[in-house]
$ cat model.txt   # compact mmCIF, C-alpha atoms
# COMPACT_ATOMS: atom_id res chain seq x y z
CA MET G 1 21.36 145.51 110.70
CA ASN G 2 18.85 142.69 111.13
CA ASN G 3 16.06 141.47 108.90
CA LYS G 4 13.40 143.09 111.06
CA ILE G 5 14.87 146.54 110.43
CA ILE G 6 15.30 145.88 106.71
CA VAL G 7 11.77 144.60 106.21
CA GLY G 8 10.42 147.39 108.37
CA VAL G 9 11.76 150.02 106.00
CA LEU G 10 9.85 148.53 103.09
CA LEU G 11 6.65 147.91 104.99
CA ALA G 12 6.48 151.56 105.98
CA CYS G 13 6.16 152.73 102.37
CA VAL G 14 2.80 154.37 103.08
CA SER G 15 4.20 156.41 105.94
CA GLY G 16 6.22 159.59 105.61
CA SER G 17 7.96 158.99 108.94
CA VAL G 18 10.23 156.33 107.47
CA PHE G 19 12.06 158.97 105.45
CA SER G 20 13.28 160.74 108.58
CA GLU G 21 14.34 157.58 110.40
CA PRO G 22 18.04 156.54 110.42
CA LEU G 23 19.05 154.29 107.54
CA GLN G 24 21.18 152.15 109.82
CA GLU G 25 20.24 150.46 113.05
CA ASP G 26 23.10 152.12 114.94
CA SER G 27 22.02 155.55 113.57
CA GLN G 28 25.47 156.09 112.04
CA PRO G 29 25.52 157.96 108.71
CA ILE G 30 26.53 156.19 105.50
CA SER G 31 29.42 157.75 103.61
CA LEU G 32 28.89 157.83 99.85
CA LYS G 33 31.13 158.59 96.91
CA LEU G 34 28.92 160.08 94.22
CA SER G 35 28.99 160.25 90.45
CA ASP G 36 30.48 163.75 90.53
CA ASN G 37 33.35 162.41 92.74
CA SER G 38 32.05 164.27 95.78
CA LEU G 39 31.78 162.61 99.18
CA LYS G 40 28.54 162.91 101.14
CA GLU G 41 27.14 161.44 104.33
CA VAL G 42 23.49 160.44 104.54
CA ASN G 43 21.73 159.55 107.75
CA THR G 44 18.12 159.16 106.63
CA CYS G 45 16.23 157.98 103.59
CA GLU G 46 15.21 161.59 103.03
CA ASP G 47 18.89 162.60 102.83
CA PHE G 48 19.64 159.91 100.27
CA ILE G 49 16.60 160.56 98.07
CA ALA G 50 17.43 164.28 98.01
CA LEU G 51 20.76 163.37 96.42
CA ARG G 52 19.09 161.04 93.92
CA ARG G 53 16.55 163.69 92.95
CA ALA G 54 19.47 166.07 92.38
CA GLY G 55 20.75 163.65 89.75
CA LYS G 56 23.47 161.99 91.83
CA THR G 57 24.24 158.27 91.85
CA VAL G 58 26.45 156.20 94.14
CA THR G 59 29.77 154.93 92.81
CA ASP G 60 31.30 153.64 96.05
CA LEU G 61 30.86 153.25 99.79
CA PRO G 62 34.40 154.13 100.89
CA ASN G 63 36.04 152.78 104.03
CA LEU G 64 33.47 150.05 104.61
CA PRO G 65 34.41 146.35 104.72
CA ASP G 66 32.47 144.21 102.24
CA ARG G 67 30.04 142.86 104.85
CA PHE G 68 29.08 146.31 106.12
CA ALA G 69 29.01 147.79 102.63
CA ASP G 70 26.48 145.12 101.65
CA MET G 71 24.29 146.00 104.63
CA ALA G 72 24.49 149.70 103.78
CA ARG G 73 23.66 149.11 100.09
CA ARG G 74 20.72 146.94 101.10
CA SER G 75 19.41 149.74 103.28
CA LEU G 76 19.82 152.27 100.45
CA THR G 77 18.04 149.92 98.04
CA ASN G 78 15.16 149.52 100.46
CA CYS G 79 15.00 153.31 100.76
CA TYR G 80 14.82 153.52 96.98
CA LEU G 81 12.01 150.93 96.84
CA THR G 82 10.08 152.74 99.56
CA THR G 83 10.27 155.95 97.56
CA TYR G 84 9.51 154.29 94.22
CA ALA G 85 6.42 152.55 95.61
CA LYS G 86 5.13 155.76 97.15
CA ASP G 87 5.81 157.93 94.08
CA HIS G 88 4.25 155.44 91.65
CA GLY G 89 1.15 154.68 93.68
CA LEU G 90 2.01 151.04 94.31
CA THR G 91 -0.12 149.24 96.89
CA GLU G 92 1.44 146.49 98.95
CA ILE G 93 -0.45 143.20 98.92
CA LYS G 94 -0.67 141.56 102.33
CA PRO G 95 -0.62 138.71 102.83
CA VAL G 96 1.34 137.85 99.70
CA PRO G 97 -0.92 135.58 97.62
CA LYS G 98 1.86 133.26 96.40
CA LYS G 99 5.49 133.65 97.31
CA PRO G 100 8.07 132.09 95.00
CA THR G 101 9.96 129.44 96.94
CA LEU G 102 13.74 129.39 97.10
CA LYS G 103 13.64 126.22 94.97
CA GLU G 104 11.64 128.07 92.32
CA ILE G 105 14.14 130.92 92.43
CA VAL G 106 17.20 128.73 91.76
CA ASP G 107 15.23 126.65 89.23
CA HIS G 108 14.07 129.68 87.21
CA PHE G 109 16.30 132.69 87.89
CA PRO G 110 18.88 133.18 85.11
CA ALA G 111 22.45 132.09 85.75
CA SER G 112 23.44 135.76 85.59
CA ALA G 113 22.00 135.99 89.13
CA ALA G 114 24.27 133.18 90.38
CA ILE G 115 27.26 133.63 92.65
CA ALA G 116 30.16 135.29 90.85
CA ILE G 117 32.85 136.72 93.10
CA SER G 118 35.34 137.84 90.46
CA ASN G 119 35.10 139.58 87.10
CA GLU G 120 36.43 136.39 85.54
CA GLU G 121 33.52 134.42 86.98
CA VAL G 122 31.04 136.99 85.68
CA ALA G 123 32.53 136.68 82.19
CA LYS G 124 32.43 132.87 82.42
CA VAL G 125 28.74 132.87 83.35
CA LYS G 126 27.92 135.18 80.44
CA SER G 127 29.86 132.97 78.04
CA LEU G 128 28.85 129.48 79.18
CA TYR G 129 25.43 129.87 80.78
CA GLN G 130 23.49 132.23 78.57
CA ASN G 131 19.77 131.36 78.71
CA LYS G 132 20.49 128.93 81.56
CA THR G 133 19.28 128.98 85.15
CA ILE G 134 21.10 129.06 88.47
CA ARG G 135 20.16 125.39 88.87
CA GLN G 136 21.71 124.51 85.51
CA LYS G 137 24.91 126.23 86.58
CA GLU G 138 24.90 124.60 90.02
CA PRO G 139 22.95 121.32 89.62
CA ASP G 140 23.90 119.95 93.08
CA LEU G 141 22.10 122.72 95.02
CA LYS G 142 20.19 121.17 97.91
CA PRO G 143 18.18 122.55 100.85
CA ASP G 144 19.87 122.61 104.24
CA SER G 145 18.52 122.79 107.78
CA LYS G 146 18.65 126.60 107.77
CA GLY G 147 16.24 127.02 104.87
CA ARG G 148 19.00 127.76 102.37
CA MET G 149 20.01 126.11 99.10
CA VAL G 150 23.66 125.05 99.21
CA SER G 151 26.09 123.57 96.68
CA ALA G 152 28.80 121.32 98.09
CA LYS G 153 30.74 121.49 94.81
CA SER G 154 30.95 125.27 94.63
CA ALA G 155 30.84 125.81 98.43
CA GLY G 156 28.21 128.48 97.89
CA GLY G 157 24.56 128.99 98.61
CA TYR G 158 21.42 131.10 98.43
CA MET G 159 18.67 132.34 100.70
CA ILE G 160 15.75 134.75 100.37
CA ASN G 161 16.15 137.78 102.61
CA ASN G 162 12.97 139.60 101.69
CA HIS G 163 9.96 139.40 99.37
CA GLN G 164 7.53 142.21 98.65
CA THR G 165 4.50 142.12 96.34
CA PHE G 166 2.80 145.28 95.09
CA LYS G 167 -0.09 146.12 92.78
CA ASP G 168 0.09 149.14 90.50
CA LYS G 169 -2.78 151.42 89.49
CA ASP G 170 -3.65 149.15 86.57
CA GLY G 171 -3.80 146.05 88.76
CA LYS G 172 -0.47 144.63 87.60
CA ILE G 173 1.31 142.53 90.23
CA ILE G 174 4.96 143.39 90.90
CA ASP G 175 7.25 141.08 92.89
CA TYR G 176 10.56 142.10 94.45
CA ILE G 177 12.90 139.42 95.78
CA THR G 178 16.09 140.06 97.74
CA LEU G 179 18.40 137.10 97.19
CA VAL G 180 21.41 136.59 99.43
CA LYS G 181 24.37 134.79 97.83
CA PHE G 182 27.11 133.50 100.11
CA VAL G 183 30.06 131.14 100.42
CA THR G 184 30.04 128.36 103.00
CA GLN G 185 33.80 128.42 103.53
CA GLY G 186 34.37 132.09 104.22
CA THR G 187 32.58 135.32 105.08
CA TRP G 188 31.74 136.63 101.59
CA ALA G 189 28.06 137.38 101.05
CA VAL G 190 26.10 139.81 98.94
CA SER G 191 22.41 140.73 98.74
CA THR G 192 20.77 141.61 95.44
CA THR G 193 17.18 142.74 94.92
CA TYR G 194 15.38 141.74 91.73
CA GLU G 195 12.06 142.63 90.19
CA ILE G 196 10.44 139.60 88.57
CA ILE G 197 9.36 140.89 85.17
CA SER G 198 7.94 137.66 83.72
CA LYS G 199 7.53 133.99 84.62
CA ASN G 200 6.33 132.96 81.16
CA ASP G 201 9.50 131.06 80.20
CA PRO G 202 11.58 128.43 82.02
CA VAL G 203 14.21 131.14 82.56
CA TRP G 204 12.33 133.96 84.25
CA LYS G 205 12.95 137.52 83.15
CA ILE G 206 14.25 139.61 86.04
CA GLN G 207 15.73 143.06 86.56
CA GLU G 208 18.19 144.04 89.26
CA ILE G 209 17.08 146.87 91.54
CA ASN G 210 19.68 148.87 93.42
CA GLU G 211 20.26 152.24 95.02
CA ASN G 212 20.91 153.81 91.60
CA SER G 213 17.78 152.52 89.83
CA PRO G 214 15.66 155.19 88.11
CA LEU G 215 13.20 156.97 90.35
$ encode --input "model.txt" --output "structure tokens"
Amino acid sequence: MNNKIIVGVLLACVSGSVFSEPLQEDSQPISLKLSDNSLKEVNTCEDFIALRRAGKTVTDLPNLPDRFADMARRSLTNCYLTTYAKDHGLTEIKPVPKKPTLKEIVDHFPASAAIAISNEEVAKVKSLYQNKTIRQKEPDLKPDSKGRMVSAKSAGGYMINNHQTFKDKDGKIIDYITLVKFVTQGTWAVSTTYEIISKNDPVWKIQEINENSPL
């Protein structure tokens, strides 16, 4: 699944046709394990949202390698955002007036959004880097020739996969950033979408958005 397909799902939030289009580029259904332990296959955004509206949430994507599971979750998250924007009357702002740069992201996103592959690493970040930024956790992050920020010490890096800005009915601006976290000496990578709640403090307030977020 390439970036063009992913971005295209979000950009079509004003069109009903997106809901009947395949979630995956190869048109293969996504197998889901749900909160009631049932297994379901969804092929379109419409299929997935029907499950969500029935009160189901996703607990696993069985039989998918990590790389493909990440792609599938990203597609489901984009489906969720498409639906949320449409249902809540959000209007996309194009062109985006001011996109946060990747440098701003690592300088201001909380360390809780940093790379953490194991549960032990997650616990370490919570313990040692509370109220700290990604930059403070990984001070040697530097830009590379591919537009990423990479740490030689941790052999990990970051890139922005997608950025959407919306305006709600009251004129409030809402930013969504999809941040890709990866290792440079392996194949591990994961994409996480965040809503930027506030930029008022040095450590920005953010909220993770995923396929199970409230509709």
$ closest_residue --input "model.txt" --among "G:Thr187, G:Asn200, G:Thr133, G:Thr178" --to "G:Ala155" --atoms "all atoms listed in the file"
G:Thr187
$ axis_aligned_box --input "model.txt" --around "stretch 132-147 of chain G" --padding-each-side "5 Å" --output "AutoDock Vina command-line options"
--center_x 20.6 --center_y 124.5 --center_z 94.7 --size_x 18.7 --size_y 19.1 --size_z 36.2
$ atom_distance --input "model.txt" --atom1 "atom CA of G:Lys94" --atom2 "atom CA of G:Thr192"
22.5 Å
$ closest_residue --input "model.txt" --among "G:Thr77, G:Thr59, G:Thr184, G:Gln28" --to "G:Glu208" --atoms "only C-alpha atoms"
G:Thr77
$ closest_residue --input "model.txt" --among "G:Ile177, G:Ile160, G:Val106, G:Ile197" --to "G:Lys142" --atoms "only C-alpha atoms"
G:Val106
$ residues_near_point --input "model.txt" --point "(27.3, 135.9, 89.9)" --cutoff "12 Å" --atoms "all atoms listed in the file" --output "ChimeraX atom specification"
/G:109-126,129,133-134,137-138,156-158,179-183,189-192
$ write_last_selection --input "model.txt" --atoms "C-alpha atoms" --output "PDB file, in the frame of the given file"
ATOM      1  CA  PHE G 109      16.300 132.690  87.890  1.00  0.00           C
ATOM      2  CA  PRO G 110      18.880 133.180  85.110  1.00  0.00           C
ATOM      3  CA  ALA G 111      22.450 132.090  85.750  1.00  0.00           C
ATOM      4  CA  SER G 112      23.440 135.760  85.590  1.00  0.00           C
ATOM      5  CA  ALA G 113      22.000 135.990  89.130  1.00  0.00           C
ATOM      6  CA  ALA G 114      24.270 133.180  90.380  1.00  0.00           C
ATOM      7  CA  ILE G 115      27.260 133.630  92.650  1.00  0.00           C
ATOM      8  CA  ALA G 116      30.160 135.290  90.850  1.00  0.00           C
ATOM      9  CA  ILE G 117      32.850 136.720  93.100  1.00  0.00           C
ATOM     10  CA  SER G 118      35.340 137.840  90.460  1.00  0.00           C
ATOM     11  CA  ASN G 119      35.100 139.580  87.100  1.00  0.00           C
ATOM     12  CA  GLU G 120      36.430 136.390  85.540  1.00  0.00           C
ATOM     13  CA  GLU G 121      33.520 134.420  86.980  1.00  0.00           C
ATOM     14  CA  VAL G 122      31.040 136.990  85.680  1.00  0.00           C
ATOM     15  CA  ALA G 123      32.530 136.680  82.190  1.00  0.00           C
ATOM     16  CA  LYS G 124      32.430 132.870  82.420  1.00  0.00           C
ATOM     17  CA  VAL G 125      28.740 132.870  83.350  1.00  0.00           C
ATOM     18  CA  LYS G 126      27.920 135.180  80.440  1.00  0.00           C
ATOM     19  CA  TYR G 129      25.430 129.870  80.780  1.00  0.00           C
ATOM     20  CA  THR G 133      19.280 128.980  85.150  1.00  0.00           C
ATOM     21  CA  ILE G 134      21.100 129.060  88.470  1.00  0.00           C
ATOM     22  CA  LYS G 137      24.910 126.230  86.580  1.00  0.00           C
ATOM     23  CA  GLU G 138      24.900 124.600  90.020  1.00  0.00           C
ATOM     24  CA  GLY G 156      28.210 128.480  97.890  1.00  0.00           C
ATOM     25  CA  GLY G 157      24.560 128.990  98.610  1.00  0.00           C
ATOM     26  CA  TYR G 158      21.420 131.100  98.430  1.00  0.00           C
ATOM     27  CA  LEU G 179      18.400 137.100  97.190  1.00  0.00           C
ATOM     28  CA  VAL G 180      21.410 136.590  99.430  1.00  0.00           C
ATOM     29  CA  LYS G 181      24.370 134.790  97.830  1.00  0.00           C
ATOM     30  CA  PHE G 182      27.110 133.500 100.110  1.00  0.00           C
ATOM     31  CA  VAL G 183      30.060 131.140 100.420  1.00  0.00           C
ATOM     32  CA  ALA G 189      28.060 137.380 101.050  1.00  0.00           C
ATOM     33  CA  VAL G 190      26.100 139.810  98.940  1.00  0.00           C
ATOM     34  CA  SER G 191      22.410 140.730  98.740  1.00  0.00           C
ATOM     35  CA  THR G 192      20.770 141.610  95.440  1.00  0.00           C
TER      36      THR G 192
END
$ residues_around --input "model.txt" --residues "stretch 38-50 of chain G" --least-positions-apart "2" --cutoff "9 Å" --atoms "all atoms listed in the file" --output "ChimeraX atom specification"
/G:18-24,27-36,52-56,75-76,79-80,83
$ atom_distance --input "model.txt" --atom1 "atom CA of G:Ile206" --atom2 "atom CA of G:Val58"
22.1 Å
$ atom_distance --input "model.txt" --atom1 "atom CA of G:Leu141" --atom2 "atom CA of G:Ser154"
9.2 Å
$ residues_around --input "model.txt" --residues "G:Ile93" --least-positions-apart "5" --cutoff "8 Å" --atoms "all atoms listed in the file" --output "list in words"
Thr165, Phe166 and Lys167 of chain G
$ residues_near_point --input "model.txt" --point "(8.4, 137.0, 81.9)" --cutoff "12 Å" --atoms "all atoms listed in the file" --output "list in words"
His108, Phe109, Pro110, Ile174, Asp175, Glu195, Ile196, Ile197, Ser198, Lys199, Asn200, Asp201, Pro202, Val203, Trp204, Lys205, Ile206 and Gln207 of chain G
$ closest_residue --input "model.txt" --among "G:Lys132, G:Arg148, G:Lys99, G:Arg74" --to "G:Thr193" --atoms "only C-alpha atoms"
G:Arg74
